[in-house]
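Novice: The structure's right below; bear with me while I get my questions together.
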Amino acid sequence: MRHRAEALRAEGWKVDYVELTGRFSDALVDYIRQYRPDSVLVQEPSQFAFRQALPRLSRKLGVPVEILPTNQFLVAEKDFKAWAGQSRHLLMENHYRRVRKKLGILIEPDGKPTGGAWNFDSSNRETYAAFRKRGPKLPQPPRSDPDHVTRQVIALVKREFPDHPGDAADFWLPVTREESLRWLHDFIANRLNHFGPWEDMMVADEPVLFHSVLTPMLNIGLLSPRECVEAAVSAYKAGGAPLTSVEGFVRQIIGWREFINGVYWLRMPGYEELNELQAVRPLPSWVYTGETELNCLRHVLRQVIATGYNHHIQRLMVLGNFFLLGGFAPDAVLRWYTEMYVDAHDWVMAANVIGMVLHADGGFMATKPYAAGAGYIHKMSNYCGGCRYRPDQRTGPDACPFNFLYWNFYATHRERFATNPRVGMMIKTWDEKPSAEKAAILQQAKDFLESGSSDH
């Protein structure tokens, strides 16, 4: 905001920047009394509580509050609701194809998708072992050095929030329009080319890999979704990036990002409070420190504490997977995700955590729970090599907790998922296990979760 104020002044605008000492609405009341405007213009808030508060704010100010359309999304809320009301199943893939057709993105003149397929997910699942054998060299991760304005804010944050996780002095992200565009162009030039095949891979001490790290700037309006999509598509047309990578990146923005926002407004209020799996376990204290024996969790947690960032597979298949399998309370998990990520907003985290990560909406958004044993993490990362647990053991003192927690999860929710076509085989596999193995799995999961093992 401070950089934006400086930029507007440089363009000739008269800008007042008010540093709050109390409530935002109180400061705005004082401002209204001083200048007596006919109305206040507000871009459509992306948070439900803010939007609900606008009529009260208008009454308090004594002037109309006019809401302008947001430019942070490509799909209007009413458009998404109309489509959802006509859909038998609310699937992201169907939404994605509809939006691509409507906007003409990667669509041929005959209306078919460029390359003959709507997505290339099957080509974008390269493993860590494959990366070691033939992976490209990792590019230098992006970084923006704080200027005098940012250094002032860093000092303010360190003074006002001394006990929060992380260190504001390590802030590394763009805070201006110009720097944000530089990051977009850097991604297009240096990482988009390899983004697709390696987007699900995880490497210890390599937080960025080939990811864009553009959501912090997208979610506060320093970048627009359209210009990010157009930059990627232009790179493909110019021969600078393969379709597999470009389509994967486009799908994350006009597919997943727009879908998440649509689900948020479709299900609010109350979506954040859902708990269909009746998970009630409190979070362990080490989620704020990273002090755990599970190497994958330790690396991912220390990364988010240091940078405020993890890429999507770390968030979903390491952290989210653990929170799901352990039966941790959705409200606590949602609060943690919202606290820890620099790109977190209510609309982002509600559907991602309640729907995608925890299946707490009962399958409204995702047709299956994203549960996995240690095998997935072992395949997609190098975390297991430095861990005291063994990814190939299901029970015993060296067994990876992800393994016995995985089977314990399906045993606990057997009745719910037995008829789910996407995970019913897991229930059948559980049912066919010997009684002794079942008992050992359930006991070790119980001991891990209740004896304090999950809290060190």
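Each chain in the structure tokens gets a letter, A, B, ..., in the order shown, and its residues are numbered from 1; ligands are numbered from 1 in order too.
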Near A:Ala27, counting only C-alpha atoms, which residues have an atom at most 8 Å away, once you skip same-chain residues fewer than 5 positions from it, shown as a ChimeraX atom specification?
Specialist: /A:18,20,22
Novice: Identify, with DSSP run on backbone atoms, the residues in stretch 61-152 of chain A assigned to helix (DSSP H, G or I), and express the list as JSON, numbers by chain.
Specialist: {"A": [61, 77, 78, 79, 80, 81, 82, 83, 84, 85, 86, 92, 93, 94, 95, 96, 97, 98, 99, 100, 101, 102, 103, 114, 115, 116, 121, 122, 123, 128, 129, 130, 131, 132, 133, 134, 148, 149, 150, 151, 152]}
Novice: Give me, as JSON lines, the closest atom pair and its distance (Å, one decimal) for every residue of stretch 143-181 of chain A within a cut-off of 8 Å of stretch 220-228 of chain A, counting only C-alpha atoms, rows sorted by chain and rising number.
Specialist:
{"residue": "A:Val175", "atom": "CA", "partner": "A:Leu222", "partner_atom": "CA", "distance": 7.9}
{"residue": "A:Thr176", "atom": "CA", "partner": "A:Leu222", "partner_atom": "CA", "distance": 6.8}
{"residue": "A:Arg177", "atom": "CA", "partner": "A:Leu222", "partner_atom": "CA", "distance": 5.2}
{"residue": "A:Ser180", "atom": "CA", "partner": "A:Leu222", "partner_atom": "CA", "distance": 6.5}
{"residue": "A:Leu181", "atom": "CA", "partner": "A:Leu223", "partner_atom": "CA", "distance": 7.2}
Novice: With C-alpha atoms retained, export the selected residues as a PDB file, in the first residue's frame.
Specialist:
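Result written to out-v8.pdb:
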ATOM      1  CA  VAL A 175       5.802  -5.189  -3.404  1.00  0.00           C
ATOM      2  CA  THR A 176       5.453  -3.048  -6.517  1.00  0.00           C
ATOM      3  CA  ARG A 177       3.795  -3.463  -9.882  1.00  0.00           C
ATOM      4  CA  SER A 180       5.852  -8.141  -9.904  1.00  0.00           C
ATOM      5  CA  LEU A 181       6.019  -7.884 -13.688  1.00  0.00           C
TER       6      LEU A 181
END
Novice: Skipping near chain neighbours, those fewer than 2 positions away, what residues fall within 9 Å of stretch 41-50 of chain A using only C-alpha atoms, listed as a PyMOL selection string?
Specialist: chain A and resi 39+52-54+64-72+261+264-265+268-269+345-347
Novice: Which polymer residues have any atom within 8 Å of an atom of A:Leu405, counting only C-alpha atoms, with same-chain residues fewer than 6 positions away left out, as a PyMOL selection string?
Specialist: chain A and resi 325-326+373+441+445
Novice: May I have the selected residues written with C-alpha atoms, as a short mmCIF file (atom, residue, chain, number, x, y, z; two decimals), in the first residue's frame?
Specialist:
data_model
loop_
_atom_site.label_atom_id
_atom_site.label_comp_id
_atom_site.auth_asym_id
_atom_site.auth_seq_id
_atom_site.Cartn_x
_atom_site.Cartn_y
_atom_site.Cartn_z
CA LEU A 325 -4.84 -38.72 8.11
CA GLY A 326 -4.36 -37.53 11.68
CA GLY A 373 0.88 -43.31 2.37
CA ILE A 441 -1.86 -50.78 12.35
CA ALA A 445 -1.85 -45.18 14.86
#
Novice: Measuring between only C-alpha atoms, which one of A:Tyr128, A:Gln444, A:Phe328, A:Arg416 shows the shortest distance to A:Met202?
Specialist: A:Tyr128
Novice: Nearest to A:Val208: which of A:Val250, A:Ala10, A:Leu297, A:Val304 is it, counting only C-alpha atoms?
Specialist: A:Val304
Novice: Please compute the atom CA of A:Ala329-atom CA of A:Tyr370 distance, one decimal, in Å.
Specialist: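 About the pair atom CA of A:Ala329 and atom CA of A:Tyr370: they are 16.3 Å apart.
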Novice: Compare A:Phe402, A:Phe73, A:Phe364, A:Tyr410 by their minimum atom-to-atom distance to A:His378, counting only C-alpha atoms, and give me the closest one.
Specialist: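 Using only C-alpha atoms, A:His378 sits closest to A:Phe402.
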